[in-house]
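**Q** Quick one: this structure, given as structure tokens, is what I'll be asking you about.
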Amino acid sequence: MTDRLRTIGRALRGGTAFLTRLPVGTQAGDWEAFVSRPAVFPLVGYLVGGLAALPLLAAGTLPASTVALGYLLAIGFLTGIHHLDGVADLGDAAVVHGDPDRRREVLKDTTTGVGALFAVTVVVAGLALAGLGLAALPVGVAVGVAVAAEVGAKLGMALLACLGTASHEGFGSQVTGALGSSSVVSPVAIALPVGLFSWPYPVAAVALGGALAGACLPWWWARRNLGGVSGDVFGAANEIGRVVGLHVGVIAWTLS
């Protein structure tokens with residue numbers, strides 16, 4: 001039992017170190033423990049979502065624009081730009097004409113093109129506008145949507161790890177090669193309770209589903225245009241999933 005708890009601790013430390021900028025430190029074996037336990041993805045999503053939602057507690061006290069800026073900065077502080085880089089690379093690859101080999105070459109190119117600039121601008125603007133929408137919601141609902149969107153985005157990454165096929169050697173092959181389809185049960189089970197965070201309103205559940213769907217969009221595109229997933233696809237899934245989940249949650253509250 002002690003060894004099992006120690007392994008889970010290593011997995012959480014490895015996942016937190018990879019998915020966030022929090023100074024948790026790492027030790028030997030943390031990475032291996034993390035990639036073999038996809039349930040860590042949504043667990044870290046709860047942590048990031050909860051911390052990033054703290055500025056939303058000031059809604060109604062501070063201007064909505066300030067609250068939105070605080071939420072945007074919190075996401076940036078907690079996660080850095082590591083995963084946003086995946087959005088940039090996929091943006092460049094998406095505007096290139098050619099076969100999967102050509103698109104994979106563009107993914108590895110360090111030059112920033114117009115596709116990357118556009119993709120990153122849309123995602124960052126989408127996140128800022130979502131923060132503005134959250135600031136107009138009741139505080140409890142806004143926090144529930146923010147946490148659910150983060151958990152849903154991380155659940156999407158977990159599904160990529162469990163069900164995806166790597167397009168080439170790299171991060172994607174390290175993560176997808178260690179898991180199978182049966183591994184989806186634990187991350188799904190851990191993510192589902194977040195749908196109750198806006199109880200009695202179902203908007204958190206809607207945000208969870210929206211984030212999961214948004215995270216799957218880069219996966220769908222990569223299967224058709226890259227021949228599989230890569231580290232960039234994981235990063236883009238996280239960023240796009242979060243933005244889609246937030247907007248879907250805000251829309252669900254507006255229409256309710």
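FYI, nothing fancy with the structure tokens labels: chains A, B, ... in order, residues from 1 per chain, ligands from 1 as they appear.
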DSSP on the backbone, alpha helix (DSSP H) only: what residues of region 91-242 of chain A does that give? Format it as an MDAnalysis selection string.
**A** chainID A and resid 91:94 100:108 114:135 139:163 171:176 185:191 203:225 231:242
**Q** Quick one: residues within 7 Å of region 74-82 of chain A, only C-alpha atoms, excluding same-chain residues fewer than 6 positions away - as a PyMOL selection string?
**A** chain A and resi 19-22+48+52
**Q** Determine the nearest neighbour of Pro55 (chain A) from the options A:Ala125, A:Leu132, A:Ile8, A:Leu208, counting only C-alpha atoms.
**A**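 Residue with the minimum atom-to-atom distance to Pro55 (chain A): A:Leu132.
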**Q** Counting only C-alpha atoms, what is within 12 Å of Gly214 (chain A), bar same-chain residues fewer than 2 positions away, as a ChimeraX atom specification?
**A** /A:123,149-150,152-157,207-212,216-221,234,236-248
**Q** Which neighbours of Gly29 (chain A) fall inside 12 Å, counting only C-alpha atoms, when residues of the same chain fewer than 4 positions from it are skipped, and could you give them as a ChimeraX atom specification?
**A** /A:6-15,33-36
**Q** My list of candidates is A:Val233, A:Val145, A:Leu226, A:Leu129. Which is closest to Val96 (chain A) when distances are computed with only C-alpha atoms?
**A** A:Leu226
**Q** Let me make sure I understand: among A:Leu196, A:Ala148, A:Ala191, A:Val203, which one has the smallest atom-to-atom distance to Gly49 (chain A) if we use only C-alpha atoms?
**A**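 Distance minimum relative to Gly49 (chain A) lands on A:Ala148.
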**Q** Work out how far CA of Thr121 (chain A) is from CA of Asp85 (chain A), in Å to one decimal.
**A**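 Straight-line distance from CA of Asp85 (chain A) to CA of Thr121 (chain A) works out to 11.9 Å.
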**Q** Neighbours of Lys108 (chain A) within 10 Å (only C-alpha atoms; same-chain residues fewer than 4 positions away dropped), as a list in words?
**A**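 Close residues of Lys108 (chain A): Asp89, Ala93, Arg103, Arg104 and Asp232 of chain A.
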**Q** Store the residues picked out above in a file with all heavy atoms, as a PDB file, in the first residue's frame.
**A**
```
ATOM      1  N   ASP A  89       2.148  25.970 -33.401  1.00  0.00           N
ATOM      2  CA  ASP A  89       2.685  25.023 -34.379  1.00  0.00           C
ATOM      3  C   ASP A  89       1.586  24.427 -35.248  1.00  0.00           C
ATOM      4  O   ASP A  89       1.759  24.276 -36.470  1.00  0.00           O
ATOM      5  CB  ASP A  89       3.442  23.897 -33.660  1.00  0.00           C
ATOM      6  CG  ASP A  89       4.757  24.387 -33.068  1.00  0.00           C
ATOM      7  OD1 ASP A  89       5.245  25.437 -33.512  1.00  0.00           O
ATOM      8  OD2 ASP A  89       5.281  23.727 -32.156  1.00  0.00           O
ATOM      9  N   ALA A  93       0.981  24.610 -39.342  1.00  0.00           N
ATOM     10  CA  ALA A  93       0.797  23.380 -40.116  1.00  0.00           C
ATOM     11  C   ALA A  93      -0.539  23.373 -40.848  1.00  0.00           C
ATOM     12  O   ALA A  93      -0.662  22.817 -41.945  1.00  0.00           O
ATOM     13  CB  ALA A  93       0.895  22.162 -39.203  1.00  0.00           C
ATOM     14  N   ARG A 103       3.483  18.674 -43.493  1.00  0.00           N
ATOM     15  CA  ARG A 103       2.908  19.333 -42.326  1.00  0.00           C
ATOM     16  C   ARG A 103       3.724  19.022 -41.068  1.00  0.00           C
ATOM     17  O   ARG A 103       3.905  19.890 -40.203  1.00  0.00           O
ATOM     18  CB  ARG A 103       1.452  18.915 -42.139  1.00  0.00           C
ATOM     19  CG  ARG A 103       0.526  19.398 -43.260  1.00  0.00           C
ATOM     20  CD  ARG A 103      -0.908  18.995 -42.987  1.00  0.00           C
ATOM     21  NE  ARG A 103      -1.774  19.256 -44.112  1.00  0.00           N
ATOM     22  CZ  ARG A 103      -2.395  20.412 -44.345  1.00  0.00           C
ATOM     23  NH1 ARG A 103      -2.228  21.410 -43.503  1.00  0.00           N
ATOM     24  NH2 ARG A 103      -3.172  20.565 -45.403  1.00  0.00           N
ATOM     25  N   ARG A 104       4.223  17.799 -40.960  1.00  0.00           N
ATOM     26  CA  ARG A 104       5.052  17.462 -39.805  1.00  0.00           C
ATOM     27  C   ARG A 104       6.369  18.226 -39.828  1.00  0.00           C
ATOM     28  O   ARG A 104       6.908  18.579 -38.775  1.00  0.00           O
ATOM     29  CB  ARG A 104       5.299  15.944 -39.755  1.00  0.00           C
ATOM     30  CG  ARG A 104       4.085  15.142 -39.311  1.00  0.00           C
ATOM     31  CD  ARG A 104       4.466  13.718 -38.961  1.00  0.00           C
ATOM     32  NE  ARG A 104       4.882  12.964 -40.134  1.00  0.00           N
ATOM     33  CZ  ARG A 104       4.066  12.226 -40.884  1.00  0.00           C
ATOM     34  NH1 ARG A 104       2.765  12.151 -40.575  1.00  0.00           N
ATOM     35  NH2 ARG A 104       4.512  11.553 -41.926  1.00  0.00           N
ATOM     36  N   ASP A 232       2.480  18.634 -29.847  1.00  0.00           N
ATOM     37  CA  ASP A 232       1.775  19.853 -30.234  1.00  0.00           C
ATOM     38  C   ASP A 232       0.258  19.657 -30.222  1.00  0.00           C
ATOM     39  O   ASP A 232      -0.489  20.568 -29.850  1.00  0.00           O
ATOM     40  CB  ASP A 232       2.217  20.296 -31.630  1.00  0.00           C
ATOM     41  CG  ASP A 232       3.619  20.877 -31.635  1.00  0.00           C
ATOM     42  OD1 ASP A 232       3.989  21.552 -30.663  1.00  0.00           O
ATOM     43  OD2 ASP A 232       4.359  20.630 -32.616  1.00  0.00           O
TER      44      ASP A 232
END
```
**Q** From the set A:Pro187, A:Leu160, A:Leu137, A:Ala166, which residue has the shortest atom-to-atom contact distance to Ala252 (chain A), counting only C-alpha atoms?
**A**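 With only C-alpha atoms as the atom set, the closest residue is A:Leu137.
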**Q** What is the CA of Val188 (chain A) to CA of Gly227 (chain A) distance in Å?
**A**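 Between these atoms lies a distance of 25.6 Å.
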**Q** Within 8 Å of region 112-120 of chain A, counting only C-alpha atoms, which residues show up once you throw out same-chain ones fewer than 6 positions away? Write them as a PDB file with N, CA and C atoms, in the first residue's frame, please.
**A**
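Everything below was put into out-v7.pdb:
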```pdb
ATOM      1  N   LEU A  84       0.495  26.559 -25.224  1.00  0.00           N
ATOM      2  CA  LEU A  84       0.107  27.501 -26.277  1.00  0.00           C
ATOM      3  C   LEU A  84       1.017  27.370 -27.489  1.00  0.00           C
ATOM      4  N   VAL A  87      -0.567  25.279 -30.053  1.00  0.00           N
ATOM      5  CA  VAL A  87      -1.531  26.004 -30.883  1.00  0.00           C
ATOM      6  C   VAL A  87      -0.808  26.701 -32.026  1.00  0.00           C
ATOM      7  N   ALA A  88       0.319  27.334 -31.711  1.00  0.00           N
ATOM      8  CA  ALA A  88       1.085  28.044 -32.733  1.00  0.00           C
ATOM      9  C   ALA A  88       1.576  27.087 -33.820  1.00  0.00           C
ATOM     10  N   ASP A  89       2.148  25.970 -33.401  1.00  0.00           N
ATOM     11  CA  ASP A  89       2.685  25.023 -34.379  1.00  0.00           C
ATOM     12  C   ASP A  89       1.586  24.427 -35.248  1.00  0.00           C
ATOM     13  N   LEU A  90       0.450  24.085 -34.644  1.00  0.00           N
ATOM     14  CA  LEU A  90      -0.650  23.545 -35.444  1.00  0.00           C
ATOM     15  C   LEU A  90      -1.233  24.604 -36.358  1.00  0.00           C
ATOM     16  N   GLY A  91      -1.206  25.871 -35.911  1.00  0.00           N
ATOM     17  CA  GLY A  91      -1.689  26.952 -36.764  1.00  0.00           C
ATOM     18  C   GLY A  91      -0.873  27.060 -38.034  1.00  0.00           C
ATOM     19  N   ASP A  92       0.450  26.967 -37.901  1.00  0.00           N
ATOM     20  CA  ASP A  92       1.308  27.005 -39.085  1.00  0.00           C
ATOM     21  C   ASP A  92       1.091  25.788 -39.969  1.00  0.00           C
ATOM     22  N   ALA A  93       0.981  24.610 -39.342  1.00  0.00           N
ATOM     23  CA  ALA A  93       0.797  23.380 -40.116  1.00  0.00           C
ATOM     24  C   ALA A  93      -0.539  23.373 -40.848  1.00  0.00           C
ATOM     25  N   ALA A  94      -1.543  24.020 -40.257  1.00  0.00           N
ATOM     26  CA  ALA A  94      -2.882  24.006 -40.852  1.00  0.00           C
ATOM     27  C   ALA A  94      -2.951  24.817 -42.140  1.00  0.00           C
ATOM     28  N   VAL A  95      -2.114  25.844 -42.269  1.00  0.00           N
ATOM     29  CA  VAL A  95      -2.195  26.698 -43.458  1.00  0.00           C
ATOM     30  C   VAL A  95      -1.240  26.249 -44.560  1.00  0.00           C
TER      31      VAL A  95
END
```
